[in-house]
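Data file: target-v7.txt. Format and content: compact mmCIF, C-alpha atoms and all ligand atoms.
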# COMPACT_ATOMS: atom_id res chain seq x y z
CA MET A 1 -53.39 -10.90 -14.42
CA LYS A 2 -55.27 -8.05 -12.80
CA LYS A 3 -54.30 -4.57 -13.93
CA TRP A 4 -52.95 -3.51 -10.52
CA MET A 5 -50.85 -6.65 -10.28
CA LYS A 6 -49.27 -5.83 -13.62
CA LEU A 7 -48.54 -2.33 -12.41
CA VAL A 8 -46.94 -3.61 -9.22
CA ALA A 9 -44.86 -6.06 -11.25
CA VAL A 10 -43.66 -3.28 -13.55
CA MET A 11 -42.81 -1.11 -10.56
CA ILE A 12 -40.86 -3.89 -8.90
CA VAL A 13 -38.82 -4.48 -12.05
CA ALA A 14 -38.18 -0.75 -12.38
CA VAL A 15 -37.00 -0.43 -8.78
CA MET A 16 -34.83 -3.51 -9.13
CA SER A 17 -33.06 -2.30 -12.24
CA LEU A 18 -32.57 1.14 -10.72
CA THR A 19 -30.90 -0.35 -7.66
CA ALA A 20 -28.75 -2.52 -9.87
CA LEU A 21 -27.67 0.56 -11.82
CA THR A 22 -26.91 2.81 -8.90
CA ALA A 23 -25.70 0.30 -6.33
CA CYS A 24 -22.22 0.93 -5.07
CA GLY A 25 -20.93 -2.50 -4.35
CA GLY A 26 -23.08 -4.15 -6.96
CA GLY A 27 -21.46 -6.64 -9.30
CA ASN A 28 -17.79 -6.65 -10.06
CA VAL A 29 -16.58 -4.30 -12.72
CA THR A 30 -14.96 -5.97 -15.72
CA LEU A 31 -12.39 -4.74 -18.18
CA ALA A 32 -15.17 -4.46 -20.78
CA ASP A 33 -17.23 -2.24 -18.42
CA ILE A 34 -14.30 0.09 -17.94
CA GLN A 35 -13.45 0.23 -21.62
CA LYS A 36 -17.09 0.96 -22.44
CA LYS A 37 -17.06 3.84 -19.96
CA GLY A 38 -13.66 4.90 -21.25
CA LYS A 39 -12.54 5.61 -17.70
CA ILE A 40 -11.06 3.92 -14.66
CA THR A 41 -11.43 5.42 -11.18
CA VAL A 42 -8.24 5.16 -9.14
CA ALA A 43 -8.08 5.87 -5.41
CA THR A 44 -4.76 7.24 -4.21
CA SER A 45 -3.14 8.91 -1.22
CA PRO A 46 -0.64 11.36 -2.73
CA ASP A 47 1.55 11.72 0.34
CA PHE A 48 4.07 9.15 -0.79
CA PRO A 49 6.83 10.53 -3.02
CA PRO A 50 8.39 9.40 -5.32
CA PHE A 51 5.41 7.10 -6.00
CA GLU A 52 2.61 9.65 -5.72
CA ASN A 53 2.57 13.19 -4.43
CA LEU A 54 1.06 16.54 -5.23
CA GLU A 55 2.86 19.07 -7.39
CA ASN A 56 0.90 22.26 -8.04
CA ASN A 57 -2.26 20.37 -7.13
CA GLU A 58 -1.51 17.66 -9.66
CA ILE A 59 -0.86 14.05 -8.69
CA VAL A 60 2.54 13.00 -10.02
CA GLY A 61 5.02 10.18 -9.42
CA ILE A 62 6.32 6.80 -10.46
CA GLU A 63 2.98 5.06 -10.05
CA VAL A 64 1.22 7.79 -12.01
CA ASP A 65 3.63 7.19 -14.91
CA VAL A 66 3.11 3.44 -14.69
CA MET A 67 -0.68 3.87 -14.56
CA ASN A 68 -0.62 6.27 -17.51
CA GLN A 69 1.07 3.64 -19.67
CA ILE A 70 -1.33 0.92 -18.56
CA ALA A 71 -4.40 3.12 -19.09
CA ALA A 72 -3.16 4.14 -22.54
CA GLU A 73 -2.78 0.50 -23.54
CA LEU A 74 -6.24 -0.31 -22.24
CA GLY A 75 -7.66 2.73 -24.01
CA VAL A 76 -9.12 4.37 -20.91
CA GLU A 77 -8.76 7.67 -19.08
CA ILE A 78 -7.77 7.80 -15.44
CA GLU A 79 -9.84 9.61 -12.83
CA PHE A 80 -7.81 9.93 -9.62
CA ILE A 81 -9.76 10.10 -6.39
CA GLN A 82 -7.74 11.30 -3.43
CA MET A 83 -8.27 9.72 -0.05
CA ASP A 84 -6.40 8.84 3.11
CA PHE A 85 -4.32 5.72 2.71
CA ASP A 86 -6.35 3.74 5.25
CA SER A 87 -9.61 4.52 3.38
CA ILE A 88 -8.46 3.11 0.04
CA LEU A 89 -8.84 -0.63 0.60
CA PRO A 90 -12.34 -0.26 2.11
CA ALA A 91 -13.36 1.91 -0.88
CA VAL A 92 -11.97 -0.67 -3.31
CA GLN A 93 -13.73 -3.50 -1.50
CA ALA A 94 -17.03 -1.61 -1.49
CA GLY A 95 -16.76 -0.97 -5.23
CA LYS A 96 -16.75 2.82 -4.74
CA VAL A 97 -13.64 3.05 -6.91
CA ASN A 98 -12.28 0.68 -9.54
CA MET A 99 -8.84 0.29 -8.02
CA GLY A 100 -6.19 1.44 -5.56
CA MET A 101 -2.80 2.92 -6.43
CA SER A 102 -0.79 3.89 -3.40
CA GLY A 103 2.48 2.04 -3.03
CA PHE A 104 0.49 -0.93 -1.81
CA THR A 105 2.47 -3.82 -0.40
CA VAL A 106 0.96 -7.18 -1.19
CA THR A 107 0.34 -9.04 2.08
CA GLU A 108 -1.35 -12.33 2.94
CA GLU A 109 -3.95 -10.46 4.97
CA ARG A 110 -4.79 -8.00 2.19
CA LEU A 111 -5.06 -10.83 -0.33
CA GLU A 112 -7.98 -12.18 1.67
CA ASN A 113 -10.02 -9.06 0.94
CA ALA A 114 -8.69 -7.73 -2.35
CA ASP A 115 -7.07 -8.78 -5.61
CA PHE A 116 -3.58 -7.58 -6.43
CA THR A 117 -1.76 -7.33 -9.73
CA MET A 118 1.66 -8.90 -10.09
CA PRO A 119 4.30 -6.93 -8.18
CA TYR A 120 6.22 -4.32 -10.15
CA PHE A 121 8.80 -3.30 -7.51
CA MET A 122 10.45 -4.57 -4.34
CA ALA A 123 10.57 -2.15 -1.42
CA SER A 124 11.41 -2.44 2.26
CA GLN A 125 10.86 -0.52 5.47
CA ALA A 126 13.46 1.97 6.61
CA ILE A 127 14.15 3.89 9.81
CA VAL A 128 14.43 7.67 9.71
CA VAL A 129 15.86 9.57 12.69
CA LEU A 130 17.09 13.08 13.50
CA ALA A 131 20.64 13.68 12.29
CA ASP A 132 22.00 13.91 15.86
CA SER A 133 20.08 10.87 17.14
CA ASP A 134 21.77 8.11 19.10
CA ILE A 135 19.69 5.57 17.18
CA LYS A 136 22.09 4.06 14.64
CA THR A 137 20.60 0.62 13.98
CA LYS A 138 17.35 -1.26 14.40
CA ALA A 139 18.57 -2.64 17.71
CA ASP A 140 18.64 0.91 19.12
CA LEU A 141 14.87 1.25 18.61
CA GLU A 142 14.25 -0.77 21.77
CA GLY A 143 12.08 1.31 24.10
CA LYS A 144 11.85 4.27 21.67
CA THR A 145 8.72 5.88 20.26
CA ILE A 146 8.11 5.54 16.53
CA SER A 147 5.74 7.35 14.17
CA VAL A 148 4.09 5.51 11.26
CA GLN A 149 1.21 6.06 8.86
CA THR A 150 -2.14 4.49 9.84
CA GLY A 151 -3.03 1.25 8.10
CA THR A 152 0.38 0.68 6.56
CA THR A 153 2.74 -2.25 6.69
CA ALA A 154 5.09 0.01 8.66
CA GLU A 155 2.46 0.24 11.38
CA GLU A 156 1.87 -3.49 11.31
CA TYR A 157 5.58 -4.27 11.41
CA CYS A 158 6.42 -1.86 14.23
CA MET A 159 3.49 -3.07 16.33
CA SER A 160 4.46 -6.70 15.80
CA GLU A 161 8.00 -5.84 16.93
CA GLY A 162 6.49 -4.47 20.14
CA TYR A 163 7.63 -0.84 19.68
CA ASP A 164 5.83 2.14 21.14
CA VAL A 165 3.98 3.20 17.99
CA GLN A 166 2.22 6.49 17.20
CA SER A 167 0.07 6.31 14.07
CA PHE A 168 -0.85 9.25 11.84
CA VAL A 169 -3.48 9.20 9.09
CA ALA A 170 -1.40 11.55 6.92
CA ASN A 171 2.16 10.58 6.10
CA ASN A 172 3.31 14.21 6.49
CA ASP A 173 2.17 14.18 10.10
CA ALA A 174 4.27 11.08 10.72
CA VAL A 175 7.31 12.99 9.40
CA ALA A 176 6.41 16.08 11.43
CA ALA A 177 6.20 13.97 14.58
CA LEU A 178 9.87 13.13 14.07
CA THR A 179 11.11 16.57 13.05
CA SER A 180 9.28 18.25 15.93
CA GLY A 181 10.79 15.77 18.38
CA LYS A 182 7.51 14.11 19.41
CA VAL A 183 8.90 10.67 18.52
CA ASP A 184 12.40 9.19 18.32
CA ALA A 185 12.07 7.59 14.88
CA TRP A 186 9.82 7.37 11.84
CA VAL A 187 9.42 4.08 9.98
CA VAL A 188 8.32 4.18 6.34
CA ASP A 189 8.96 2.53 2.98
CA ASN A 190 12.61 2.98 1.94
CA GLU A 191 12.31 5.20 -1.15
CA VAL A 192 9.72 7.39 0.56
CA ALA A 193 12.10 7.71 3.50
CA VAL A 194 14.79 8.97 1.11
CA ALA A 195 12.47 11.35 -0.77
CA LEU A 196 10.80 12.92 2.27
CA SER A 197 14.00 13.01 4.30
CA ALA A 198 15.61 15.01 1.49
CA GLU A 199 13.00 17.71 2.10
CA GLN A 200 14.01 18.21 5.75
CA ASN A 201 17.15 20.31 5.07
CA GLY A 202 19.59 17.87 6.64
CA LYS A 203 17.55 17.55 9.82
CA THR A 204 16.97 13.82 9.30
CA VAL A 205 18.89 10.75 8.12
CA VAL A 206 17.73 7.41 6.75
CA LEU A 207 19.43 4.45 8.42
CA ASP A 208 20.94 1.91 6.09
CA GLU A 209 19.03 -1.14 7.24
CA ALA A 210 16.28 -2.76 5.18
CA MET A 211 13.85 -4.34 7.61
CA THR A 212 11.32 -6.07 5.33
CA GLN A 213 10.76 -7.24 1.76
CA GLU A 214 7.67 -5.60 0.28
CA PRO A 215 6.37 -6.24 -3.22
CA TYR A 216 4.35 -3.26 -4.54
CA ALA A 217 1.27 -3.83 -6.70
CA PHE A 218 -2.07 -2.26 -7.62
CA CYS A 219 -5.24 -3.53 -5.98
CA PHE A 220 -8.75 -4.33 -7.12
CA ARG A 221 -11.96 -5.54 -5.59
CA LYS A 222 -11.94 -9.28 -4.94
CA GLY A 223 -13.09 -11.22 -7.98
CA SER A 224 -11.72 -8.74 -10.57
CA ASP A 225 -9.91 -11.51 -12.41
CA ASP A 226 -9.99 -10.14 -15.94
CA LEU A 227 -8.92 -6.64 -14.89
CA THR A 228 -6.05 -8.02 -12.85
CA ALA A 229 -5.02 -10.26 -15.75
CA ALA A 230 -5.07 -7.32 -18.18
CA PHE A 231 -2.88 -5.27 -15.83
CA ASP A 232 -0.52 -8.19 -15.25
CA GLU A 233 0.08 -8.63 -18.94
CA ILE A 234 1.07 -4.98 -19.35
CA ILE A 235 3.15 -4.81 -16.15
CA ASP A 236 4.98 -7.97 -17.16
CA ALA A 237 5.77 -6.50 -20.59
CA MET A 238 6.90 -3.20 -19.03
CA ILE A 239 9.31 -5.01 -16.72
CA ARG A 240 10.69 -7.21 -19.50
CA ASP A 241 11.16 -4.50 -22.12
CA GLY A 242 12.74 -2.01 -19.72
CA ARG A 243 9.93 0.56 -19.62
CA MET A 244 9.52 0.01 -15.88
CA GLN A 245 13.22 0.53 -15.28
CA ALA A 246 13.11 3.70 -17.42
CA ILE A 247 10.36 5.20 -15.28
CA PHE A 248 12.34 4.60 -12.08
CA ASP A 249 15.50 5.94 -13.76
CA SER A 250 13.68 9.16 -14.60
CA TYR A 251 13.10 9.70 -10.87
CA GLY A 252 16.66 8.72 -9.96
CA VAL A 253 15.33 5.77 -8.00
CA PRO A 254 17.23 2.46 -8.19
CA TYR A 255 14.88 -0.07 -9.73
CA VAL A 256 14.52 -3.32 -7.78
CA ALA A 257 12.60 -5.82 -9.86
CA PRO A 258 10.33 -8.27 -8.06
CA GLU A 259 11.13 -11.97 -8.40
CA MET A 260 9.43 -13.23 -11.54
N1 LIG B 301 3.71 0.10 1.34
C1 LIG B 301 3.02 0.45 2.52
C2 LIG B 301 1.73 -0.31 2.66
O1 LIG B 301 1.28 -0.93 1.77
C3 LIG B 301 2.75 1.93 2.64
C4 LIG B 301 1.90 2.53 1.58
C5 LIG B 301 1.47 3.94 1.91
N2 LIG B 301 0.99 4.62 0.75
C6 LIG B 301 0.67 5.94 0.68
N3 LIG B 301 0.33 6.42 -0.47
N4 LIG B 301 0.69 6.69 1.74
O2 LIG B 301 1.12 -0.30 3.66

Would you write the structure of this file as structure tokens?
Amino acid sequence: MKKWMKLVAVMIVAVMSLTALTACGGGNVTLADIQKKGKITVATSPDFPPFENLENNEIVGIEVDVMNQIAAELGVEIEFIQMDFDSILPAVQAGKVNMGMSGFTVTEERLENADFTMPYFMASQAIVVLADSDIKTKADLEGKTISVQTGTTAEEYCMSEGYDVQSFVANNDAVAALTSGKVDAWVVDNEVAVALSAEQNGKTVVLDEAMTQEPYAFCFRKGSDDLTAAFDEIIDAMIRDGRMQAIFDSYGVPYVAPEM
């Protein structure tokens, strides 16, 4: 081989390995990769109490406690990366983060583009209205305007029901749309409805009508079989030995176990 050809060959190999190393969206990350690094990157949208919210600039909540136990068992540290809820799945799919933790409902559609762990909780959608509203049941929503968070199952559900929907990237703006009278109702996951409504000084009420059945789980990039399996094993144990229930108890949230 001529000298210059050798040089070109070496350069090609160098460039190729560099791209492989730096590529976002390269191969799938395995459990071994994460354990070797000693760290898992977790995208989250902390506008969703009691599952994740900010307290003195720190991300806290039920899912944080669950993740802490899982990470401890896997022997890795957690690096939380904050983003808007509707940016999380694309970031997970592109391999920019290792996983998503954000009160994710497992849906058929999402399963086409991402892997989910086993569910750890059963939620539903709830309606929140102003305390003096004439909306008392779901039937009263007919012809009313409703705020939801962008990219959520609430948005999908309300659109499929044919309501006049206003979507907000930040959950807090969806609440504000209700409290400032811009919309007639706000639809959101039941426990989040209770938690955020409690912060409105009696201005809002949560209607007692569960509209959907939504299993919550953590999500990974498609093809992350061994990571999902490792999580499943720990989540399953936590549900069976009561650790999951204990976490919910510590937040005063009634634990609804998923069907197992
Ligand atoms: N459970 C709903 C969904 O999967 C809402 C999740 C919103 N999460 C958040 N952290 N804002 O679409």

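For the atom pair formed by atom N1 of ligand LIG 301 (chain B) and CA of Gln35 (chain A), the distance is 28.7 Å, given to one decimal.
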
Please identify every polymer residue within 9 Å of ligand LIG 301 (chain B), using all atoms listed in the file, and present the set as an MDAnalysis selection string. chainID A and resid 44:49 51:53 84:86 101:107 123:125 149:156 169:171 188:189 214:217

Provide an axis-aligned box for all listed atoms of region 73-90 of chain A, padding each side by 5 Å; report its centre and its edge lengths in Å to one decimal, as AutoDock Vina command-line options.
--center_x -7.6 --center_y 5.3 --center_z -9.4 --size_x 19.6 --size_y 21.9 --size_z 39.3

Write out as a list in words which residues come within 12 Å of Gly242 (chain A) when counting all atoms listed in the file, dropping same-chain ones fewer than 5 positions away.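 Counting only the stated atoms, we get Tyr120, Ile235, Asp236, Ala237, Ile247, Phe248, Asp249, Tyr255 and Ala257 of chain A.
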
Spatial neighbours of region 135-138 of chain A, 10 Å, all atoms listed in the file, chain gap at least 6 places, as a short mmCIF file (atom, residue, chain, number, x, y, z; two decimals) with C-alpha atoms, keeping the file's coordinate frame:
data_model
loop_
_atom_site.label_atom_id
_atom_site.label_comp_id
_atom_site.auth_asym_id
_atom_site.auth_seq_id
_atom_site.Cartn_x
_atom_site.Cartn_y
_atom_site.Cartn_z
CA ALA A 126 13.46 1.97 6.61
CA ILE A 127 14.15 3.89 9.81
CA VAL A 128 14.43 7.67 9.71
CA VAL A 129 15.86 9.57 12.69
CA LYS A 144 11.85 4.27 21.67
CA ASP A 184 12.40 9.19 18.32
CA ALA A 185 12.07 7.59 14.88
CA VAL A 205 18.89 10.75 8.12
CA VAL A 206 17.73 7.41 6.75
CA LEU A 207 19.43 4.45 8.42
CA ASP A 208 20.94 1.91 6.09
CA GLU A 209 19.03 -1.14 7.24
CA ALA A 210 16.28 -2.76 5.18
CA MET A 211 13.85 -4.34 7.61
#
